[in-house]
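The next block is coords-v2.cif, given as mmCIF, C-alpha atoms.
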```
data_structure
#
loop_
_atom_site.label_atom_id
_atom_site.label_comp_id
_atom_site.auth_asym_id
_atom_site.auth_seq_id
_atom_site.Cartn_x
_atom_site.Cartn_y
_atom_site.Cartn_z
CA MET X 1 181.26 63.80 -19.12
CA LYS X 2 179.73 61.30 -16.74
CA LYS X 3 183.14 60.47 -15.36
CA ARG X 4 183.76 64.10 -14.55
CA PHE X 5 180.43 64.38 -12.83
CA VAL X 6 181.16 61.33 -10.68
CA LYS X 7 184.58 62.69 -9.77
CA TYR X 8 183.06 66.00 -8.88
CA LEU X 9 180.47 64.32 -6.69
CA LEU X 10 183.12 62.26 -4.91
CA PHE X 11 185.16 65.39 -4.37
CA VAL X 12 182.18 67.19 -2.77
CA LEU X 13 181.52 64.19 -0.50
CA CYS X 14 185.14 64.15 0.58
CA LEU X 15 184.99 67.86 1.37
CA ALA X 16 181.82 67.38 3.40
CA VAL X 17 183.34 64.51 5.41
CA PHE X 18 186.48 66.55 6.02
CA ALA X 19 184.51 69.58 7.17
CA ASN X 20 182.46 67.35 9.43
CA ASN X 21 185.58 65.90 11.06
CA ALA X 22 187.11 69.34 11.49
CA GLU X 23 184.01 70.66 13.23
CA ALA X 24 183.91 67.62 15.49
CA GLN X 25 187.58 68.06 16.40
CA LYS X 26 186.92 71.73 17.12
CA LYS X 27 184.10 70.87 19.51
CA THR X 28 186.11 68.18 21.23
CA GLY X 29 189.06 70.53 21.54
CA LYS X 30 187.14 73.06 23.72
CA ALA X 31 186.78 70.66 26.62
CA PRO X 32 190.49 70.04 27.04
CA ALA X 33 191.02 73.81 27.02
CA LYS X 34 188.56 74.26 29.90
CA ARG X 35 190.16 71.44 31.85
CA ALA X 36 193.54 73.09 31.33
CA MET X 37 192.19 76.34 32.71
CA THR X 38 190.73 74.51 35.67
CA LYS X 39 194.03 72.80 36.35
CA LYS X 40 195.79 76.10 36.06
CA THR X 41 193.43 77.77 38.47
CA THR X 42 193.74 74.92 40.95
CA LYS X 43 197.48 75.04 40.60
CA THR X 44 197.58 78.75 41.28
CA ARG X 45 195.35 78.27 44.31
CA THR X 46 197.54 75.57 45.76
CA LYS X 47 200.58 77.78 45.27
CA ALA X 48 199.00 80.50 47.44
CA LYS X 49 200.87 81.22 50.67
CA ILE X 50 199.02 79.80 53.68
CA ASN X 51 200.04 80.81 57.19
CA PRO X 52 200.09 77.92 59.66
CA ALA X 53 197.14 78.21 62.02
CA GLU X 54 197.08 77.24 65.70
CA PRO X 55 195.69 73.79 66.39
CA LYS X 56 191.97 73.98 67.15
CA VAL X 57 190.50 72.10 70.07
CA ASP X 58 187.17 70.43 69.72
CA THR X 59 185.34 72.02 72.62
CA VAL X 60 182.38 69.70 72.21
CA ALA X 61 184.57 66.65 72.50
CA VAL X 62 186.43 68.13 75.49
CA ALA X 63 183.15 68.96 77.19
CA ALA X 64 182.01 65.42 76.59
CA VAL X 65 185.17 63.95 78.04
CA THR X 66 185.58 66.33 81.01
CA PRO X 67 183.30 65.18 83.84
CA ALA X 68 180.80 67.83 84.89
CA PRO X 69 180.93 68.91 88.52
CA ALA X 70 178.14 67.71 90.76
CA ALA X 71 175.23 70.12 90.62
CA VAL X 72 174.40 71.75 93.92
CA VAL X 73 170.65 71.71 94.27
CA ALA X 74 169.33 74.34 96.63
CA PRO X 75 166.54 73.29 98.97
CA PRO X 76 163.14 74.32 97.66
CA VAL X 77 161.39 77.27 99.24
CA ASN X 78 158.81 75.94 101.66
CA ASP X 79 155.91 78.31 102.33
CA SER X 80 153.54 75.67 103.64
CA LEU X 81 152.97 75.77 107.38
CA PRO X 82 152.60 72.52 109.37
CA ILE X 83 148.81 72.62 109.61
CA LYS X 84 146.66 69.56 109.78
CA LEU X 85 144.50 69.18 106.66
CA VAL X 86 140.87 68.97 107.76
CA LYS X 87 138.22 68.00 105.23
CA PRO X 88 134.92 69.86 105.58
CA SER X 89 131.80 67.87 106.29
CA GLN X 90 129.54 67.18 103.29
CA ARG X 91 126.47 67.34 105.52
CA ARG X 92 125.51 69.64 108.39
CA ASP X 93 127.39 68.27 111.38
CA ALA X 94 125.11 69.95 113.89
CA ALA X 95 121.46 69.86 114.86
CA VAL X 96 121.18 73.65 114.89
CA ASP X 97 121.77 76.28 112.24
CA ASP X 98 125.24 77.64 113.01
CA ASP X 99 126.03 79.26 109.65
CA ALA X 100 125.97 82.73 111.23
CA ILE X 101 129.23 81.95 113.02
CA LYS X 102 131.17 82.24 109.76
CA ASP X 103 129.82 85.77 109.19
CA ARG X 104 130.48 87.21 112.64
CA THR X 105 132.49 90.42 112.88
CA PRO X 106 133.84 91.99 116.07
CA LEU X 107 132.50 95.25 117.42
CA PRO X 108 134.81 98.20 116.79
CA TYR X 109 136.80 99.52 119.71
CA GLU X 110 135.66 102.59 121.57
CA HIS X 111 137.81 105.54 120.60
CA LEU X 112 140.18 106.69 123.33
CA ARG X 113 141.66 110.16 123.19
CA ALA X 114 145.22 110.66 124.35
CA ASP X 115 144.15 113.70 126.42
CA ASP X 116 141.63 111.57 128.34
CA ALA X 117 144.14 108.83 129.18
CA VAL X 118 145.30 109.90 132.63
CA TYR X 119 146.94 106.54 133.36
CA ARG X 120 148.78 104.29 130.88
CA HIS X 121 151.12 101.34 131.26
CA LYS X 122 152.25 98.55 128.96
CA ILE X 123 152.10 95.01 130.34
CA TRP X 124 153.63 91.79 128.99
CA ARG X 125 152.06 88.49 130.07
CA GLU X 126 152.89 84.85 129.51
CA ILE X 127 150.01 82.39 129.07
CA ASP X 128 150.79 78.79 130.00
CA THR X 129 148.15 76.57 128.39
CA ARG X 130 148.95 73.70 130.76
CA GLU X 131 147.09 75.53 133.53
CA LYS X 132 143.50 74.50 134.05
CA ILE X 133 141.89 77.83 133.16
CA ASN X 134 143.87 77.93 129.89
CA LEU X 135 143.09 74.38 128.72
CA PRO X 136 140.75 75.62 125.93
CA PHE X 137 143.91 76.81 124.16
CA ARG X 138 144.83 73.14 123.69
CA TYR X 139 141.46 71.87 122.44
CA SER X 140 142.54 69.72 119.49
CA ALA X 141 139.25 68.67 117.86
CA ASP X 142 138.65 69.11 114.12
CA GLU X 143 135.74 71.14 112.78
CA ASN X 144 134.79 72.49 109.38
CA ASN X 145 136.99 75.56 109.83
CA GLY X 146 140.03 73.46 110.74
CA ASN X 147 141.78 72.26 113.84
CA GLN X 148 140.73 74.07 117.01
CA ARG X 149 144.12 74.42 118.72
CA PHE X 150 144.96 78.05 119.29
CA ILE X 151 148.32 77.66 117.53
CA SER X 152 146.51 76.05 114.58
CA ILE X 153 144.17 79.05 114.34
CA LEU X 154 147.18 81.37 114.24
CA LEU X 155 149.01 79.33 111.60
CA GLN X 156 145.88 78.93 109.48
CA ALA X 157 145.37 82.70 109.42
CA ILE X 158 149.00 83.14 108.36
CA GLN X 159 148.68 80.44 105.68
CA ASP X 160 145.57 82.13 104.27
CA SER X 161 147.36 85.53 104.24
CA LEU X 162 144.76 87.05 106.55
CA VAL X 163 147.31 88.67 108.84
CA THR X 164 150.81 90.11 108.64
CA VAL X 165 153.52 88.43 110.70
CA PHE X 166 156.39 90.33 112.28
CA GLN X 167 159.82 89.17 113.35
CA ASN X 168 160.79 88.73 116.98
CA VAL X 169 163.63 91.26 116.74
CA ASP X 170 161.36 93.50 118.79
CA ASP X 171 157.73 93.64 119.91
CA ARG X 172 156.86 96.86 118.09
CA PHE X 173 155.83 95.17 114.80
CA THR X 174 158.63 96.68 112.70
CA THR X 175 159.88 93.88 110.42
CA PRO X 176 157.33 91.85 108.40
CA MET X 177 157.94 88.19 107.57
CA THR X 178 156.94 85.97 104.66
CA LYS X 179 155.19 82.63 104.95
CA ALA X 180 158.44 80.90 104.01
CA ASP X 181 160.17 82.61 106.95
CA VAL X 182 157.42 81.50 109.31
CA ALA X 183 157.57 77.93 107.99
CA LYS X 184 161.33 77.93 108.51
CA ILE X 185 161.03 79.13 112.10
CA VAL X 186 158.15 76.84 113.04
CA GLY X 187 159.29 73.67 111.25
CA GLY X 188 163.03 74.19 111.16
CA GLU X 189 165.50 73.85 108.29
CA PRO X 190 164.81 71.24 105.57
CA VAL X 191 166.94 68.12 106.05
CA ALA X 192 168.78 66.67 103.03
CA VAL X 193 168.04 62.96 102.55
CA ASN X 194 169.90 60.96 99.88
CA ARG X 195 167.86 59.02 97.31
CA TYR X 196 169.28 55.61 96.26
CA ASP X 197 168.61 53.32 93.33
CA SER X 198 168.24 49.52 93.41
CA LEU X 199 172.05 49.10 93.39
CA GLY X 200 172.59 51.37 96.37
CA ASN X 201 174.00 54.29 94.37
CA ILE X 202 173.05 57.86 95.23
CA VAL X 203 170.87 59.19 92.45
CA GLY X 204 169.61 62.38 94.03
CA VAL X 205 168.82 64.37 97.13
CA ASP X 206 165.41 65.02 98.66
CA TYR X 207 164.72 67.78 101.17
CA LYS X 208 162.26 66.89 103.89
CA THR X 209 160.87 69.11 106.62
CA PRO X 210 160.91 67.62 110.12
CA GLU X 211 157.54 66.80 111.62
CA VAL X 212 156.19 69.38 114.04
CA ASN X 213 154.14 68.53 117.10
CA LEU X 214 151.72 71.41 117.56
CA ASP X 215 151.23 70.47 121.21
CA SER X 216 154.81 71.62 121.83
CA PHE X 217 153.62 75.22 121.48
CA TYR X 218 151.97 75.52 124.87
CA LYS X 219 153.09 79.03 125.84
CA PHE X 220 152.04 82.38 124.38
CA ARG X 221 152.98 85.92 125.21
CA ILE X 222 150.71 88.90 124.85
CA LYS X 223 151.54 92.57 124.88
CA GLU X 224 148.80 94.85 126.14
CA GLU X 225 148.20 98.34 127.42
CA VAL X 226 146.12 99.36 130.42
CA ILE X 227 144.48 102.78 130.16
CA PHE X 228 142.26 104.73 132.52
CA ASP X 229 139.97 106.99 130.51
CA LYS X 230 138.73 109.97 132.52
CA GLU X 231 135.85 110.68 130.13
CA SER X 232 134.17 107.33 130.70
CA SER X 233 135.82 106.75 134.12
CA ARG X 234 136.80 103.24 133.08
CA LEU X 235 139.92 101.14 133.06
CA PHE X 236 140.53 99.64 129.59
CA TRP X 237 142.73 96.68 128.77
CA ARG X 238 143.72 96.64 125.10
CA ILE X 239 145.75 93.74 123.73
CA LEU X 240 148.31 94.80 121.12
CA GLY X 241 150.11 91.61 120.05
CA ILE X 242 150.34 87.85 120.47
CA ALA X 243 153.43 85.69 120.08
CA PRO X 244 153.85 81.90 120.38
CA VAL X 245 156.77 80.80 122.51
CA LYS X 246 158.99 77.79 121.95
CA ASN X 247 161.86 76.30 123.90
CA VAL X 248 164.75 76.41 121.43
CA VAL X 249 167.18 73.47 121.52
CA THR X 250 170.11 73.23 119.12
CA SER X 251 171.03 70.11 117.15
CA MET X 252 173.77 69.46 119.72
CA GLY X 253 171.19 69.34 122.51
CA VAL X 254 172.01 72.74 124.00
CA ALA X 255 168.95 74.51 125.40
CA LEU X 256 168.87 78.18 124.42
CA GLY X 257 165.80 78.96 126.49
CA GLU X 258 162.34 80.18 125.56
CA THR X 259 161.87 82.82 122.91
CA GLU X 260 159.06 84.28 120.80
CA LEU X 261 158.81 82.85 117.31
CA PHE X 262 157.00 85.81 115.77
CA TRP X 263 154.52 88.54 116.65
CA VAL X 264 151.00 89.00 115.30
CA TYR X 265 149.13 92.26 115.66
CA TYR X 266 146.02 91.45 117.71
CA PRO X 267 143.61 94.02 116.16
CA ASP X 268 144.32 92.35 112.78
CA MET X 269 143.41 88.96 114.27
CA ARG X 270 140.10 90.02 115.83
CA PRO X 271 137.99 89.23 112.70
CA VAL X 272 139.61 85.78 112.56
CA PHE X 273 139.14 85.08 116.27
CA SER X 274 135.47 86.06 116.06
CA ARG X 275 134.81 83.10 113.69
CA TYR X 276 136.29 80.46 116.00
CA GLU X 277 134.51 79.25 119.10
CA VAL X 278 136.20 78.42 122.38
CA TYR X 279 135.73 75.00 123.93
CA ASN X 280 133.44 75.00 126.96
CA GLY X 281 133.45 71.68 128.79
CA LYS X 282 130.67 72.69 131.20
CA ASN X 283 128.11 73.91 128.69
CA PHE X 284 128.76 73.17 125.05
CA GLY X 285 125.81 75.35 124.01
CA ALA X 286 127.19 78.48 125.67
CA ARG X 287 130.40 78.83 123.73
CA MET X 288 132.03 82.19 123.16
CA SER X 289 134.39 83.22 120.41
CA TRP X 290 138.10 83.69 120.89
CA GLU X 291 137.65 87.42 120.41
CA GLU X 292 135.14 87.47 123.27
CA LEU X 293 137.47 85.41 125.44
CA PHE X 294 140.30 87.91 125.10
CA GLU X 295 138.07 90.97 125.52
CA SER X 296 136.40 89.42 128.59
CA ARG X 297 139.78 88.48 130.08
CA MET X 298 138.75 84.82 130.45
CA PHE X 299 142.35 83.60 130.66
CA TYR X 300 145.26 83.80 133.04
CA GLY X 301 148.70 85.09 132.19
CA ARG X 302 151.42 85.94 134.66
CA ILE X 303 153.06 89.34 134.23
CA ILE X 304 156.67 89.04 133.04
CA LYS X 305 157.37 92.70 132.23
CA SER X 306 155.84 96.15 132.60
CA THR X 307 156.70 99.80 132.20
CA MET X 308 155.84 100.45 135.84
CA ASP X 309 158.93 101.38 137.90
CA ASN X 310 161.14 99.87 135.19
CA PRO X 311 163.48 102.59 133.85
CA TYR X 312 165.92 100.03 132.40
CA ASP X 313 163.20 98.16 130.42
CA LEU X 314 164.04 94.80 132.00
CA TYR X 315 162.06 91.61 132.28
CA ILE X 316 161.16 90.66 135.83
CA ARG X 317 163.47 87.65 135.60
CA ASN X 318 166.36 90.07 135.06
CA TYR X 319 165.63 92.15 138.13
CA LYS X 320 168.44 92.27 140.62
CA GLY X 321 168.05 89.41 143.09
CA LEU X 322 165.20 87.71 141.14
CA SER X 323 167.08 85.88 138.39
CA ASP X 324 167.13 82.56 140.26
CA GLN X 325 163.91 83.02 142.24
CA PRO X 326 160.87 82.03 140.12
CA ILE X 327 158.53 82.35 143.12
CA LEU X 328 159.66 85.92 143.73
CA GLN X 329 159.22 86.68 140.03
CA LEU X 330 155.63 85.48 140.23
CA LEU X 331 155.01 87.58 143.35
CA GLU X 332 156.50 90.65 141.64
CA GLY X 333 154.05 90.20 138.78
CA GLU X 334 151.17 89.96 141.24
CA ASN X 335 152.47 93.11 142.93
CA ILE X 336 152.24 95.00 139.63
CA LYS X 337 148.68 93.77 139.15
CA GLU X 338 147.83 94.93 142.68
CA LYS X 339 149.21 98.41 142.00
CA ILE X 340 146.99 98.79 138.93
CA PHE X 341 143.94 97.60 140.87
CA ASN X 342 144.63 99.97 143.76
CA TYR X 343 145.05 102.93 141.44
CA GLU X 344 141.58 102.41 140.00
CA GLN X 345 140.00 101.86 143.41
CA ASP X 346 141.65 104.90 144.94
CA LEU X 347 139.97 107.17 142.39
CA TRP X 348 136.61 106.51 144.02
CA SER X 349 135.36 107.64 147.40
CA TYR X 350 133.01 105.44 149.35
#
```
Translate this file's structure into structure tokens.
Amino acid sequence: MKKRFVKYLLFVLCLAVFANNAEAQKKTGKAPAKRAMTKKTTKTRTKAKINPAEPKVDTVAVAAVTPAPAAVVAPPVNDSLPIKLVKPSQRRDAAVDDDAIKDRTPLPYEHLRADDAVYRHKIWREIDTREKINLPFRYSADENNGNQRFISILLQAIQDSLVTVFQNVDDRFTTPMTKADVAKIVGGEPVAVNRYDSLGNIVGVDYKTPEVNLDSFYKFRIKEEVIFDKESSRLFWRILGIAPVKNVVTSMGVALGETELFWVYYPDMRPVFSRYEVYNGKNFGARMSWEELFESRMFYGRIIKSTMDNPYDLYIRNYKGLSDQPILQLLEGENIKEKIFNYEQDLWSY
């Protein structure tokens, strides 16, 4: 009986070991099946028909190899006019209280009706600041409101956007200009200057504006209108515009003659002129403003054009027989002035 029990126990153990091994083989057999499926899938993928593609070019590598063209750097826009920088005084640079000068405003013009203007003519004059009476135009001292040259006063007003500038295409104030245009006309085109490193290689380009000598602007032209008003029985001179004149010379040394750089409307400049005083070498305490100088006619300008007996709208220098006669041109201008004077005097009876 005991022998049978032992045999039975051994038989059960053998069955358990066999079942254990079978289960282990079953588990280990699943992995090879999965690998076979994976191989089959990979095999089917590799057997797929693939069309040959065009060779691709590495654009990044080509861009790195191909040398980039030299960049063309445009000159910067220059809207700074060649004005001398004047530092204001930190203390009162005068023994008197002159603060009221900065707040002066010009008196408004007297209204003139077109029906009362029985006599009207437009006159163009040229002011040469090298003449003795016009030397205050060249006074070059520095004060708190800037340099006192007349051209500096004009350019400072343009730089501060206090007045509109017009092109010299005509003298009727039709085409406005920007500050960059004025800087280009006054200072000229920026000049390209190469920048070198320590080995002498060009590493860049700098644009520099040529230096401008403000004393080279010594001529100005004014456009004005003379009117006889029958209501007040007076002859009025009203300035309409001011233009600096410069002798234009090309880079090849060819002189193109004198021409206006730009036009400024004078009524717009009156508030500016009223805050600048005119140099008086005889009595420094009796200085007038630039607005008073122009309204009082305390300057001399020779007449270069007028609407009087001029149906072809010509300058006096273009009159027939006067092109090469500067003395006769001057006398013709004085003749026009004499005609205006005689007209006013002939209205009165003595």
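Shortest atom-to-atom contact with Glu344 (chain X) among X:His111, X:Lys230, X:Arg125, X:Arg91: X:Lys230, counting all atoms listed in the file.
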inquiry  = Counting all atoms listed in the file, which residue out of X:Glu231, X:Glu332, X:Asp181, X:Glu143 sits closest to Ala94 (chain X)?
reply    =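 Closest candidate: X:Glu143.
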task = Report the distance between CA of Val96 (chain X) and CA of Gln156 (chain X) in Å, rounded to one decimal place.
result =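 Computing it gives 25.8 Å between the two atoms.
Put simply, the PyMOL selection byres ((chain X and resi 216-218) around 6) on this file hits Thr129, Asn213, Leu214, Asp215, Lys219 and Lys246 of chain X.
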request  = List the residues selected by the PyMOL selection byres ((chain X and resi 190) around 6) in the file shown, writing them as a ChimeraX atom specification.
outcome  = /X:189,191,207-209
inquiry  = Under the rule that all atoms listed in the file are counted, which of X:Ile327, X:Val245, X:Ile222, X:Ala286 is the nearest residue to Val186 (chain X)?
reply    =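 Checking each of X:Ile327, X:Val245, X:Ile222, X:Ala286 against Val186 (chain X), counting all atoms listed in the file, the winner is X:Val245.
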Atom pair CA of Glu260 (chain X) / CA of Leu314 (chain X): separation (Å) =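 So the two atoms, CA of Glu260 (chain X) and CA of Leu314 (chain X), lie 16.2 Å apart.
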With the file shown as input, list the residues that the PyMOL selection byres ((chain X and resi 148) around 10) selects, as a JSON list (two decimals) with C-alpha atoms, keeping the file's coordinate frame.
```json
[["chain", "number", "residue", "atom", "x", "y", "z"],
["X", 136, "PRO", "CA", 140.75, 75.62, 125.93],
["X", 137, "PHE", "CA", 143.91, 76.81, 124.16],
["X", 138, "ARG", "CA", 144.83, 73.14, 123.69],
["X", 139, "TYR", "CA", 141.46, 71.87, 122.44],
["X", 140, "SER", "CA", 142.54, 69.72, 119.49],
["X", 141, "ALA", "CA", 139.25, 68.67, 117.86],
["X", 142, "ASP", "CA", 138.65, 69.11, 114.12],
["X", 143, "GLU", "CA", 135.74, 71.14, 112.78],
["X", 144, "ASN", "CA", 134.79, 72.49, 109.38],
["X", 145, "ASN", "CA", 136.99, 75.56, 109.83],
["X", 146, "GLY", "CA", 140.03, 73.46, 110.74],
["X", 147, "ASN", "CA", 141.78, 72.26, 113.84],
["X", 149, "ARG", "CA", 144.12, 74.42, 118.72],
["X", 150, "PHE", "CA", 144.96, 78.05, 119.29],
["X", 151, "ILE", "CA", 148.32, 77.66, 117.53],
["X", 152, "SER", "CA", 146.51, 76.05, 114.58],
["X", 153, "ILE", "CA", 144.17, 79.05, 114.34],
["X", 276, "TYR", "CA", 136.29, 80.46, 116.00],
["X", 277, "GLU", "CA", 134.51, 79.25, 119.10],
["X", 278, "VAL", "CA", 136.20, 78.42, 122.38],
["X", 279, "TYR", "CA", 135.73, 75.00, 123.93]]
```
query = So what do you get for CA of Phe299 (chain X) versus CA of Ile127 (chain X), distance-wise?
reply =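 So the answer is 7.9 Å.
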Nearby residues (all atoms listed in the file) at most 12 Å from region 269-271 of chain X, same-chain spacing under 2 positions excluded, as number ranges by chain = X: 101-109, 153-158, 161-165, 238-242, 263-267, 273-276, 289-295
inquiry  = Please list as a list in words every residue within 8 Å of His121 (chain X), counting all atoms listed in the file and excluding residues in the same chain fewer than 6 positions away.
reply    =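 The filter keeps Glu225, Val226, Ile227, Ser306, Thr307 and Met308 of chain X.
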Six-sided padding of 8 Å per side, axis-aligned box over region 116-134 of chain X, centre and edges in Å, one decimal, as lines of an AutoDock Vina configuration file:
```
center_x = 147.6
center_y = 92.6
center_z = 131.2
size_x = 28.0
size_y = 53.9
size_z = 21.7
```
message = So that I can check the surroundings of Phe341 (chain X), please list as a PyMOL selection string every protein, DNA and RNA residue that reaches within 12 Å of it, counting all atoms listed in the file and ignoring chain neighbours fewer than 4 positions away.
response = chain X and resi 226-228+234-236+334-337+345-348
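Proximity of X:Val12, X:Pro82, X:Asp99, X:Pro88 to Gly187 (chain X), computed with all atoms listed in the file, is greatest for X:Pro82.
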Reconstruct N, CA and C atoms of region 247-264 of chain X from the incomplete input and present them as a JSON list (two decimals), in the frame of the given file.
```json
[["chain", "number", "residue", "atom", "x", "y", "z"],
["X", 247, "ASN", "N", 160.57, 76.56, 123.27],
["X", 247, "ASN", "CA", 161.86, 76.30, 123.90],
["X", 247, "ASN", "C", 162.84, 75.84, 122.82],
["X", 248, "VAL", "N", 163.82, 76.67, 122.52],
["X", 248, "VAL", "CA", 164.75, 76.41, 121.43],
["X", 248, "VAL", "C", 165.88, 75.52, 121.93],
["X", 249, "VAL", "N", 166.10, 74.40, 121.22],
["X", 249, "VAL", "CA", 167.18, 73.47, 121.52],
["X", 249, "VAL", "C", 167.96, 73.25, 120.24],
["X", 250, "THR", "N", 169.29, 73.40, 120.30],
["X", 250, "THR", "CA", 170.11, 73.23, 119.12],
["X", 250, "THR", "C", 170.24, 71.76, 118.76],
["X", 251, "SER", "N", 170.83, 71.49, 117.58],
["X", 251, "SER", "CA", 171.03, 70.11, 117.15],
["X", 251, "SER", "C", 172.00, 69.36, 118.04],
["X", 252, "MET", "N", 172.84, 70.08, 118.78],
["X", 252, "MET", "CA", 173.77, 69.46, 119.72],
["X", 252, "MET", "C", 173.15, 69.22, 121.09],
["X", 253, "GLY", "N", 171.87, 69.58, 121.24],
["X", 253, "GLY", "CA", 171.19, 69.34, 122.51],
["X", 253, "GLY", "C", 171.35, 70.45, 123.52],
["X", 254, "VAL", "N", 171.82, 71.62, 123.08],
["X", 254, "VAL", "CA", 172.01, 72.74, 124.00],
["X", 254, "VAL", "C", 170.73, 73.56, 124.05],
["X", 255, "ALA", "N", 170.18, 73.75, 125.23],
["X", 255, "ALA", "CA", 168.95, 74.51, 125.40],
["X", 255, "ALA", "C", 169.27, 76.00, 125.43],
["X", 256, "LEU", "N", 168.65, 76.73, 124.52],
["X", 256, "LEU", "CA", 168.87, 78.18, 124.42],
["X", 256, "LEU", "C", 167.81, 78.97, 125.16],
["X", 257, "GLY", "N", 166.85, 78.28, 125.76],
["X", 257, "GLY", "CA", 165.80, 78.96, 126.49],
["X", 257, "GLY", "C", 164.57, 79.23, 125.63],
["X", 258, "GLU", "N", 163.60, 79.89, 126.24],
["X", 258, "GLU", "CA", 162.34, 80.18, 125.56],
["X", 258, "GLU", "C", 162.43, 81.53, 124.86],
["X", 259, "THR", "N", 161.87, 81.58, 123.68],
["X", 259, "THR", "CA", 161.87, 82.82, 122.91],
["X", 259, "THR", "C", 160.61, 82.89, 122.05],
["X", 260, "GLU", "N", 160.21, 84.12, 121.70],
["X", 260, "GLU", "CA", 159.06, 84.28, 120.80],
["X", 260, "GLU", "C", 159.46, 83.90, 119.39],
["X", 261, "LEU", "N", 158.56, 83.22, 118.70],
["X", 261, "LEU", "CA", 158.81, 82.85, 117.31],
["X", 261, "LEU", "C", 158.51, 84.00, 116.37],
["X", 262, "PHE", "N", 157.39, 84.66, 116.59],
["X", 262, "PHE", "CA", 157.00, 85.81, 115.77],
["X", 262, "PHE", "C", 155.91, 86.54, 116.52],
["X", 263, "TRP", "N", 155.58, 87.73, 116.05],
["X", 263, "TRP", "CA", 154.52, 88.54, 116.65],
["X", 263, "TRP", "C", 153.42, 88.76, 115.63],
["X", 264, "VAL", "N", 152.19, 88.73, 116.12],
["X", 264, "VAL", "CA", 151.00, 89.00, 115.30],
["X", 264, "VAL", "C", 150.24, 90.15, 115.95]]
```
